[in-house]
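Peer 1: So that you have it, the file is data.tsv, and it contains TSV, C-alpha atoms:
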```tsv
chain	number	residue	atom	x	y	z
Q	1	MET	CA	-28.00	-29.57	8.73
Q	2	THR	CA	-25.97	-31.77	6.44
Q	3	VAL	CA	-24.78	-30.38	3.15
Q	4	THR	CA	-24.86	-32.87	0.29
Q	5	ILE	CA	-22.79	-32.83	-2.86
Q	6	VAL	CA	-25.23	-33.42	-5.71
Q	7	ASP	CA	-22.74	-33.35	-8.56
Q	8	TYR	CA	-19.25	-32.27	-9.46
Q	9	GLN	CA	-17.28	-32.13	-12.67
Q	10	TYR	CA	-13.92	-30.78	-13.70
Q	11	GLN	CA	-11.80	-30.24	-16.76
Q	12	GLU	CA	-8.10	-29.67	-16.62
Q	13	VAL	CA	-5.94	-29.09	-19.67
Q	14	ALA	CA	-2.25	-29.21	-18.86
Q	15	ALA	CA	0.14	-26.83	-20.55
Q	16	GLY	CA	1.23	-28.18	-23.92
Q	17	THR	CA	-1.66	-30.61	-24.24
Q	18	GLY	CA	-4.90	-30.45	-26.24
Q	19	SER	CA	-5.01	-27.22	-28.24
Q	20	LEU	CA	-2.56	-25.46	-25.95
Q	21	PRO	CA	-0.80	-23.19	-26.52
Q	22	PHE	CA	-2.85	-21.03	-28.86
Q	23	THR	CA	-2.75	-17.36	-29.67
Q	24	ILE	CA	-5.81	-15.13	-29.56
Q	25	SER	CA	-6.43	-11.73	-31.07
Q	26	PRO	CA	-8.91	-9.08	-29.98
Q	27	GLY	CA	-12.54	-9.28	-30.95
Q	28	THR	CA	-13.34	-13.00	-30.76
Q	29	GLU	CA	-14.64	-15.02	-27.84
Q	30	TYR	CA	-12.89	-18.38	-27.58
Q	31	LEU	CA	-14.19	-21.45	-25.77
Q	32	LEU	CA	-11.60	-22.82	-23.34
Q	33	THR	CA	-13.48	-25.70	-21.75
Q	34	SER	CA	-16.81	-26.57	-20.15
Q	35	VAL	CA	-18.43	-28.82	-17.56
Q	36	PHE	CA	-21.94	-30.25	-17.22
Q	37	LEU	CA	-23.60	-30.12	-13.82
Q	38	GLN	CA	-26.80	-31.75	-12.62
Q	39	ILE	CA	-29.22	-29.41	-10.87
Q	40	ASN	CA	-31.98	-31.23	-9.04
Q	41	ASN	CA	-33.37	-28.84	-6.46
Q	42	ILE	CA	-34.36	-25.21	-6.23
Q	43	ASN	CA	-32.14	-25.00	-3.15
Q	44	ASN	CA	-29.02	-26.10	-5.02
Q	45	ARG	CA	-25.96	-23.91	-4.78
Q	46	ILE	CA	-23.51	-24.06	-7.68
Q	47	GLU	CA	-19.84	-23.22	-7.23
Q	48	ILE	CA	-17.46	-22.76	-10.16
Q	49	LYS	CA	-13.70	-22.29	-9.97
Q	50	ALA	CA	-11.31	-21.55	-12.81
Q	51	SER	CA	-7.65	-20.83	-13.30
Q	52	ILE	CA	-5.95	-20.05	-16.60
Q	53	GLY	CA	-2.28	-19.65	-17.52
Q	54	TRP	CA	-1.45	-17.15	-20.27
Q	55	GLU	CA	1.46	-15.14	-21.58
Q	56	ALA	CA	2.06	-11.92	-23.45
Q	57	GLN	CA	5.11	-10.45	-25.07
Q	58	LEU	CA	6.10	-6.91	-25.81
Q	59	LEU	CA	6.37	-6.27	-29.52
Q	60	LEU	CA	7.21	-3.15	-31.48
Q	61	LEU	CA	4.63	-1.03	-29.67
Q	62	ASN	CA	3.62	-0.54	-26.08
Q	63	ILE	CA	0.76	-2.95	-25.48
Q	64	VAL	CA	-1.50	-3.72	-22.58
Q	65	PRO	CA	-3.03	-7.17	-22.92
Q	66	LYS	CA	-6.45	-7.40	-21.35
Q	67	LEU	CA	-8.42	-10.63	-21.11
Q	68	LEU	CA	-12.14	-10.91	-20.49
Q	69	PHE	CA	-13.06	-14.27	-18.98
Q	70	ARG	CA	-16.70	-15.34	-19.01
Q	71	ILE	CA	-18.70	-18.19	-17.55
Q	72	ARG	CA	-21.71	-18.91	-19.75
Q	73	ARG	CA	-24.55	-21.21	-18.78
Q	74	GLY	CA	-26.43	-23.41	-21.22
Q	75	GLY	CA	-24.07	-23.04	-24.16
Q	76	ILE	CA	-20.61	-22.10	-25.31
Q	77	ALA	CA	-21.33	-18.74	-26.93
Q	78	ALA	CA	-23.92	-15.99	-27.15
Q	79	PRO	CA	-26.88	-16.04	-26.63
Q	80	ALA	CA	-26.12	-18.39	-23.71
Q	81	PRO	CA	-26.28	-16.05	-20.72
Q	82	VAL	CA	-23.11	-14.81	-19.07
Q	83	VAL	CA	-23.41	-15.68	-15.38
Q	84	TYR	CA	-20.02	-14.30	-14.44
Q	85	GLN	CA	-17.26	-12.31	-16.05
Q	86	THR	CA	-14.01	-10.84	-14.92
Q	87	MET	CA	-11.04	-9.15	-16.52
Q	88	ASP	CA	-7.32	-9.35	-16.05
Q	89	SER	CA	-4.62	-7.25	-17.61
Q	90	ALA	CA	-0.94	-6.57	-17.25
Q	91	PHE	CA	1.58	-3.89	-18.02
Q	92	ILE	CA	4.32	-5.75	-19.84
Q	93	GLY	CA	6.87	-3.07	-20.58
Q	94	THR	CA	7.77	-0.17	-22.83
Q	95	VAL	CA	9.47	0.09	-26.18
Q	96	GLN	CA	12.19	2.17	-24.55
Q	97	GLU	CA	13.00	-0.32	-21.78
Q	98	GLY	CA	11.69	-3.68	-22.89
Q	99	PRO	CA	11.66	-6.39	-21.61
Q	100	TRP	CA	11.69	-8.38	-24.83
Q	101	VAL	CA	10.66	-11.63	-23.29
Q	102	ALA	CA	7.29	-13.31	-22.86
Q	103	LEU	CA	5.74	-12.77	-19.44
Q	104	ASP	CA	3.64	-15.50	-17.84
Q	105	PHE	CA	0.47	-14.85	-15.91
Q	106	THR	CA	-2.13	-16.88	-14.08
Q	107	THR	CA	-5.69	-15.70	-13.59
Q	108	ALA	CA	-7.98	-17.42	-11.11
Q	109	PHE	CA	-11.55	-16.71	-10.03
Q	110	GLN	CA	-14.63	-18.22	-8.44
Q	111	HIS	CA	-18.33	-17.90	-9.13
Q	112	THR	CA	-21.33	-19.05	-7.14
Q	113	GLU	CA	-25.02	-18.98	-7.91
Q	114	THR	CA	-28.23	-20.54	-6.73
Q	115	ALA	CA	-30.56	-22.65	-8.81
Q	116	THR	CA	-33.61	-21.13	-10.45
Q	117	ALA	CA	-36.85	-22.92	-11.21
Q	118	GLY	CA	-36.02	-23.30	-14.89
Q	119	LEU	CA	-32.75	-25.07	-14.14
Q	120	VAL	CA	-34.13	-27.72	-11.79
Q	121	GLY	CA	-34.15	-31.16	-13.40
Q	122	THR	CA	-31.54	-30.31	-16.02
Q	123	PHE	CA	-27.87	-30.85	-16.74
Q	124	GLN	CA	-26.48	-27.40	-17.30
Q	125	GLN	CA	-23.38	-26.70	-19.32
Q	126	TYR	CA	-21.07	-24.12	-17.80
Q	127	SER	CA	-18.54	-22.84	-20.31
Q	128	LEU	CA	-15.33	-20.94	-19.71
Q	129	THR	CA	-14.51	-18.53	-22.50
Q	130	VAL	CA	-11.88	-15.87	-23.07
Q	131	GLU	CA	-11.85	-12.76	-25.23
Q	132	HIS	CA	-8.91	-10.46	-25.73
Q	133	VAL	CA	-10.13	-6.89	-25.36
Q	134	GLY	CA	-6.71	-5.24	-25.16
Q	135	GLN	CA	-4.03	-4.68	-27.75
Q	136	ASN	CA	-2.01	-7.07	-29.88
Q	137	SER	CA	-2.12	-10.78	-29.14
Q	138	VAL	CA	-2.04	-13.07	-26.12
Q	139	THR	CA	-1.11	-16.74	-25.95
Q	140	LEU	CA	-3.14	-19.11	-23.81
Q	141	THR	CA	-0.45	-21.40	-22.48
Q	142	GLY	CA	-2.34	-23.30	-19.82
Q	143	PRO	CA	-2.93	-25.02	-17.58
Q	144	VAL	CA	-6.65	-24.35	-17.98
Q	145	HIS	CA	-8.73	-25.53	-15.06
Q	146	LEU	CA	-12.50	-25.45	-14.62
Q	147	ASP	CA	-14.41	-27.24	-11.89
Q	148	GLY	CA	-17.97	-27.09	-10.70
Q	149	THR	CA	-19.77	-28.47	-7.67
Q	150	VAL	CA	-23.48	-28.54	-6.89
Q	151	TYR	CA	-24.47	-28.53	-3.23
Q	152	LEU	CA	-27.78	-29.14	-1.53
U	1	MET	CA	-21.34	-38.14	-3.13
U	2	ALA	CA	-19.69	-36.72	-0.09
U	3	ILE	CA	-16.61	-34.96	1.14
U	4	GLN	CA	-14.41	-37.80	2.33
U	5	ASP	CA	-11.56	-35.73	3.64
U	6	SER	CA	-10.42	-32.14	3.74
U	7	ALA	CA	-7.35	-30.34	4.96
U	8	SER	CA	-6.18	-26.76	4.84
U	9	ILE	CA	-3.07	-24.88	5.81
U	10	ARG	CA	-2.80	-21.14	6.18
U	11	VAL	CA	0.46	-19.38	6.92
U	12	LEU	CA	0.00	-15.75	7.84
U	13	PRO	CA	2.47	-12.98	7.02
U	14	GLY	CA	5.17	-12.66	9.63
U	15	THR	CA	4.63	-16.12	11.07
U	16	HIS	CA	6.77	-19.25	10.78
U	17	SER	CA	9.37	-18.69	8.03
U	18	LEU	CA	7.63	-15.73	6.40
U	19	PRO	CA	8.80	-13.55	4.77
U	20	LEU	CA	10.74	-16.14	2.79
U	21	PRO	CA	13.22	-15.22	0.01
U	22	ILE	CA	12.86	-17.48	-3.01
U	23	SER	CA	15.99	-18.69	-4.75
U	24	PHE	CA	16.51	-18.53	-8.48
U	25	GLY	CA	16.37	-21.93	-10.11
U	26	THR	CA	15.69	-23.88	-6.93
U	27	GLU	CA	12.39	-25.08	-5.55
U	28	THR	CA	11.57	-23.88	-2.06
U	29	LEU	CA	8.96	-25.70	-0.01
U	30	LEU	CA	6.13	-23.42	1.08
U	31	THR	CA	3.75	-25.82	2.79
U	32	SER	CA	2.15	-29.25	2.46
U	33	LEU	CA	-0.95	-31.19	3.37
U	34	PHE	CA	-2.15	-34.76	3.65
U	35	LEU	CA	-5.39	-36.05	2.16
U	36	LYS	CA	-7.00	-39.44	2.56
U	37	CYS	CA	-8.13	-41.21	-0.60
U	38	SER	CA	-10.99	-43.59	0.08
U	39	SER	CA	-11.67	-45.00	-3.37
U	40	PRO	CA	-10.24	-44.92	-6.91
U	41	GLU	CA	-13.37	-43.07	-8.08
U	42	SER	CA	-12.83	-40.17	-5.72
U	43	LYS	CA	-11.33	-36.89	-6.89
U	44	ILE	CA	-8.86	-34.68	-5.11
U	45	PHE	CA	-9.51	-30.95	-5.36
U	46	ILE	CA	-6.63	-28.65	-4.42
U	47	GLU	CA	-6.41	-24.88	-4.37
U	48	ALA	CA	-3.43	-22.75	-3.52
U	49	SER	CA	-2.91	-19.06	-3.01
U	50	VAL	CA	0.39	-17.30	-2.43
U	51	CYS	CA	1.11	-13.61	-1.88
U	52	TRP	CA	4.61	-12.69	-3.07
U	53	ARG	CA	6.59	-9.55	-3.60
U	54	ALA	CA	9.13	-8.36	-6.11
U	55	GLU	CA	11.77	-6.38	-4.29
U	56	ALA	CA	12.53	-2.83	-5.40
U	57	SER	CA	15.27	-2.37	-7.94
U	58	GLN	CA	17.06	0.51	-9.62
U	59	LEU	CA	16.66	-1.30	-12.92
U	60	PRO	CA	13.57	-2.61	-14.70
U	61	ILE	CA	12.88	-6.12	-13.49
U	62	VAL	CA	10.79	-9.04	-14.69
U	63	PRO	CA	10.24	-11.23	-11.67
U	64	LYS	CA	8.60	-14.57	-12.36
U	65	ILE	CA	7.42	-17.10	-9.83
U	66	ILE	CA	6.76	-20.74	-10.64
U	67	LEU	CA	4.43	-22.53	-8.24
U	68	ARG	CA	4.31	-26.30	-8.30
U	69	LEU	CA	2.29	-29.00	-6.62
U	70	ARG	CA	4.17	-32.24	-6.07
U	71	ARG	CA	2.71	-35.49	-4.85
U	72	GLY	CA	4.51	-37.69	-2.37
U	73	GLY	CA	7.59	-35.54	-1.80
U	74	VAL	CA	9.12	-32.15	-2.23
U	75	THR	CA	12.08	-32.87	-4.51
U	76	PRO	CA	11.97	-32.97	-8.32
U	77	ALA	CA	12.12	-36.77	-8.07
U	78	PHE	CA	8.46	-36.75	-7.06
U	79	PRO	CA	5.72	-36.22	-9.64
U	80	GLU	CA	4.75	-32.68	-10.43
U	81	VAL	CA	0.96	-32.68	-10.69
U	82	SER	CA	0.52	-28.99	-11.45
U	83	GLN	CA	2.69	-26.06	-12.39
U	84	ILE	CA	1.75	-22.44	-12.99
U	85	ALA	CA	3.70	-19.25	-13.49
U	86	ASP	CA	3.01	-15.63	-12.70
U	87	SER	CA	5.08	-12.54	-13.32
U	88	CYS	CA	5.06	-8.80	-13.57
U	89	TYR	CA	7.07	-6.01	-15.11
U	90	TRP	CA	8.41	-3.45	-12.71
U	91	THR	CA	10.34	-0.50	-13.98
U	92	ASN	CA	12.90	1.19	-11.79
U	93	ASN	CA	11.08	2.07	-8.62
U	94	MET	CA	12.01	2.21	-4.99
U	95	SER	CA	8.92	0.50	-3.66
U	96	PRO	CA	8.25	-3.23	-3.90
U	97	THR	CA	5.17	-4.59	-5.65
U	98	SER	CA	2.97	-7.39	-4.36
U	99	VAL	CA	1.07	-10.02	-6.29
U	100	THR	CA	-1.31	-12.73	-5.11
U	101	THR	CA	-1.30	-15.82	-7.29
U	102	THR	CA	-4.05	-18.42	-7.03
U	103	PHE	CA	-4.60	-21.66	-8.91
U	104	TYR	CA	-6.68	-24.83	-8.81
U	105	HIS	CA	-5.94	-28.46	-9.54
U	106	VAL	CA	-8.00	-31.66	-9.57
U	107	GLU	CA	-6.79	-35.21	-9.99
U	108	SER	CA	-7.71	-38.81	-9.44
U	109	PRO	CA	-5.93	-40.74	-6.70
U	110	GLU	CA	-2.98	-42.87	-7.64
U	111	PRO	CA	-3.88	-46.55	-8.13
U	112	GLY	CA	-3.43	-48.58	-4.99
U	113	THR	CA	-3.78	-45.67	-2.58
U	114	ASP	CA	-7.27	-46.56	-1.32
U	115	GLY	CA	-7.50	-45.80	2.37
U	116	LEU	CA	-4.06	-44.19	2.41
U	117	TYR	CA	-3.04	-40.62	2.97
U	118	GLN	CA	-1.47	-38.82	0.06
U	119	SER	CA	0.84	-35.87	0.62
U	120	TYR	CA	0.91	-32.75	-1.55
U	121	TYR	CA	3.68	-30.17	-1.46
U	122	LEU	CA	3.46	-26.58	-2.67
U	123	THR	CA	6.79	-25.19	-3.83
U	124	ALA	CA	7.99	-21.89	-5.27
U	125	GLU	CA	10.85	-21.08	-7.61
U	126	SER	CA	12.12	-17.78	-8.91
U	127	ALA	CA	12.64	-17.90	-12.67
U	128	GLY	CA	12.80	-14.29	-13.80
U	129	ILE	CA	14.93	-11.21	-13.27
U	130	GLY	CA	14.68	-9.67	-9.84
U	131	THR	CA	14.39	-10.84	-6.27
U	132	ILE	CA	11.21	-12.51	-5.04
U	133	THR	CA	10.06	-12.82	-1.46
U	134	VAL	CA	7.03	-14.83	-0.41
U	135	MET	CA	5.28	-12.57	2.08
U	136	GLY	CA	2.17	-14.64	2.75
U	137	PRO	CA	-0.50	-15.44	3.37
U	138	ILE	CA	0.01	-18.89	1.90
U	139	VAL	CA	-3.13	-20.99	1.68
U	140	LEU	CA	-3.18	-24.62	0.59
U	141	LYS	CA	-6.50	-26.38	0.72
U	142	GLY	CA	-7.48	-29.87	-0.33
U	143	THR	CA	-10.74	-31.81	-0.47
U	144	THR	CA	-11.40	-35.40	-1.44
U	145	ILE	CA	-14.84	-35.93	-2.94
U	146	GLY	CA	-16.26	-39.34	-3.73
U	147	TYR	CA	-18.97	-41.88	-3.19
U	148	SER	CA	-19.22	-42.88	0.45
```
Would you write the structure of this file as structure tokens?

Peer 2:
Amino acid sequence: MTVTIVDYQYQEVAAGTGSLPFTISPGTEYLLTSVFLQINNINNRIEIKASIGWEAQLLLLNIVPKLLFRIRRGGIAAPAPVVYQTMDSAFIGTVQEGPWVALDFTTAFQHTETATAGLVGTFQQYSLTVEHVGQNSVTLTGPVHLDGTVYL
Amino acid sequence: MAIQDSASIRVLPGTHSLPLPISFGTETLLTSLFLKCSSPESKIFIEASVCWRAEASQLPIVPKIILRLRRGGVTPAFPEVSQIADSCYWTNNMSPTSVTTTFYHVESPEPGTDGLYQSYYLTAESAGIGTITVMGPIVLKGTTIGYS
């Protein structure tokens, strides 16, 4: 059986371009980027890949940055359903020891799903968002990468 | 749309040059692959994954690895198409800590490369405090997608 690529899209924001870098604080979900994918068959399989560069710096208190990454379908914020979410966090030091420098991190993940009847015949927006659910602030430095492929 | 070409390299721990110490401030070649570009409209999807280790230290360390993808050659004279960084904080401890860093990159082929093979090189550089060793596995995978 031959597998066909129905559609693919990608967005890549290099470090220092677009809105990057920007600092986020806890409690708000931020849109990073999105792609639109054509879904034309109930047997479609959708694959999404993302990687995000970010940094955090120890301040006057011990902090543990924790980022919640979401993939939403059909919009860029609630109530668009979350089809995938994952978290990443880091221990970046102690007040007693430091280090007093920004630490860089890269988070990468993949998501796959199959088409449902309601999606067939539509272009679906898949959005990558981030919310800081830890302490203090985190800077999204980039690069931010999001790609999607639809297979049949 | 179709997959016009694909290539993948996997280097397992303990094989070839692994484990490989990474120098501070110097790019070290990890692996490379060749991908054929059939048309200017095609897109080149690349993903890389590297398992590395910060060696144990009596002092707190902040190891940082910079991974780069270069097109056409391995030296800084060749264009850097993607760069990411990953790090960790490791207080004084006698056991090493391991991290797997993964990233993705997509780009259009260079003009005038229709029908030619393009080479991509994955390099690593140590840029923090502490000693880094690439343990593996190293995976570098590329796919060219376009209209056939």

Peer 1: So which residues are close to (-3.7, -26.2, -26.5), meaning at most 10 Å away in the file's coordinates with only C-alpha atoms counted, and can you show them as a ChimeraX atom specification?

Peer 2: /Q:13-23,32,139-144

Peer 1: Give me, as a PyMOL selection string, the contact residues of chain Q against chain U at a cut-off of 7 Å, counting all atoms listed in the file.

Peer 2: chain Q and resi 4-6+50-51+53+91-93+103-106+108+145

Peer 1: First collect every listed atom of region 50-55 of chain U; then fit an axis-aligned box around them, widen it by 3 Å on each side, and give centre and edge lengths in Å to one decimal, as JSON.

Peer 2:
```
{"center_x": 6.1, "center_y": -11.8, "center_z": -4.0, "size_x": 17.4, "size_y": 16.9, "size_z": 10.2}
```

Peer 1: So which one's closest to Thr116 (chain Q), Q:Ile39, Q:Val138, Q:Val3, Q:Ile52? Using all atoms listed in the file, please.

Peer 2: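 Smallest separation from Thr116 (chain Q) among the options: Q:Ile39.
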
Peer 1: Interatomic distance between CA of Glu110 (chain U) and CA of Ser42 (chain U)?

Peer 2: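 About the pair CA of Glu110 (chain U) and CA of Ser42 (chain U): they are 10.4 Å apart.
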
Peer 1: CA of Ser127 (chain Q) to CA of Cys37 (chain U): how many Å, to one decimal?

Peer 2: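 It comes out at 28.9 Å.
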
Peer 1: Measure the distance from CA of Arg72 (chain Q) to CA of Thr86 (chain Q) in Å and round it to one decimal.

Peer 2: 12.2 Å

Peer 1: Considering all atoms listed in the file, return as a list of chain:residue names whatever protein or nucleic-acid residues lie within 10 Å of Gly112 (chain U), sequence-local ones (same chain, fewer than 2 positions apart) excluded.

Peer 2: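 The residues satisfying every condition are U:Cys37, U:Ser39, U:Pro40, U:Pro109, U:Glu110, U:Asp114, U:Gly115, U:Leu116.
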
Peer 1: Within 9 Å of Pro79 (chain U), counting only C-alpha atoms, which residues show up once you throw out same-chain ones fewer than 6 positions away? Write them as a PDB file with C-alpha atoms, in the coordinates of the input, please.

Peer 2:
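Listed below is the output, result_24.pdb:
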```
ATOM      1  CA  LEU U  69       2.290 -29.000  -6.620  1.00  0.00           C
ATOM      2  CA  ARG U  70       4.170 -32.240  -6.070  1.00  0.00           C
ATOM      3  CA  ARG U  71       2.710 -35.490  -4.850  1.00  0.00           C
ATOM      4  CA  GLY U  72       4.510 -37.690  -2.370  1.00  0.00           C
ATOM      5  CA  GLY U  73       7.590 -35.540  -1.800  1.00  0.00           C
TER       6      GLY U  73
END
```

Peer 1: Do you know which residues are at most 7 Å from Val35 (chain Q) counting only C-alpha atoms, after dropping those on the same chain fewer than 6 positions away, and could you put them as a PDB file with C-alpha atoms, in the coordinates of the input?

Peer 2:
```pdb
ATOM      1  CA  GLN Q   9     -17.280 -32.130 -12.670  1.00  0.00           C
ATOM      2  CA  TYR Q  10     -13.920 -30.780 -13.700  1.00  0.00           C
ATOM      3  CA  GLN Q  11     -11.800 -30.240 -16.760  1.00  0.00           C
ATOM      4  CA  GLN Q 125     -23.380 -26.700 -19.320  1.00  0.00           C
ATOM      5  CA  TYR Q 126     -21.070 -24.120 -17.800  1.00  0.00           C
ATOM      6  CA  SER Q 127     -18.540 -22.840 -20.310  1.00  0.00           C
TER       7      SER Q 127
END
```
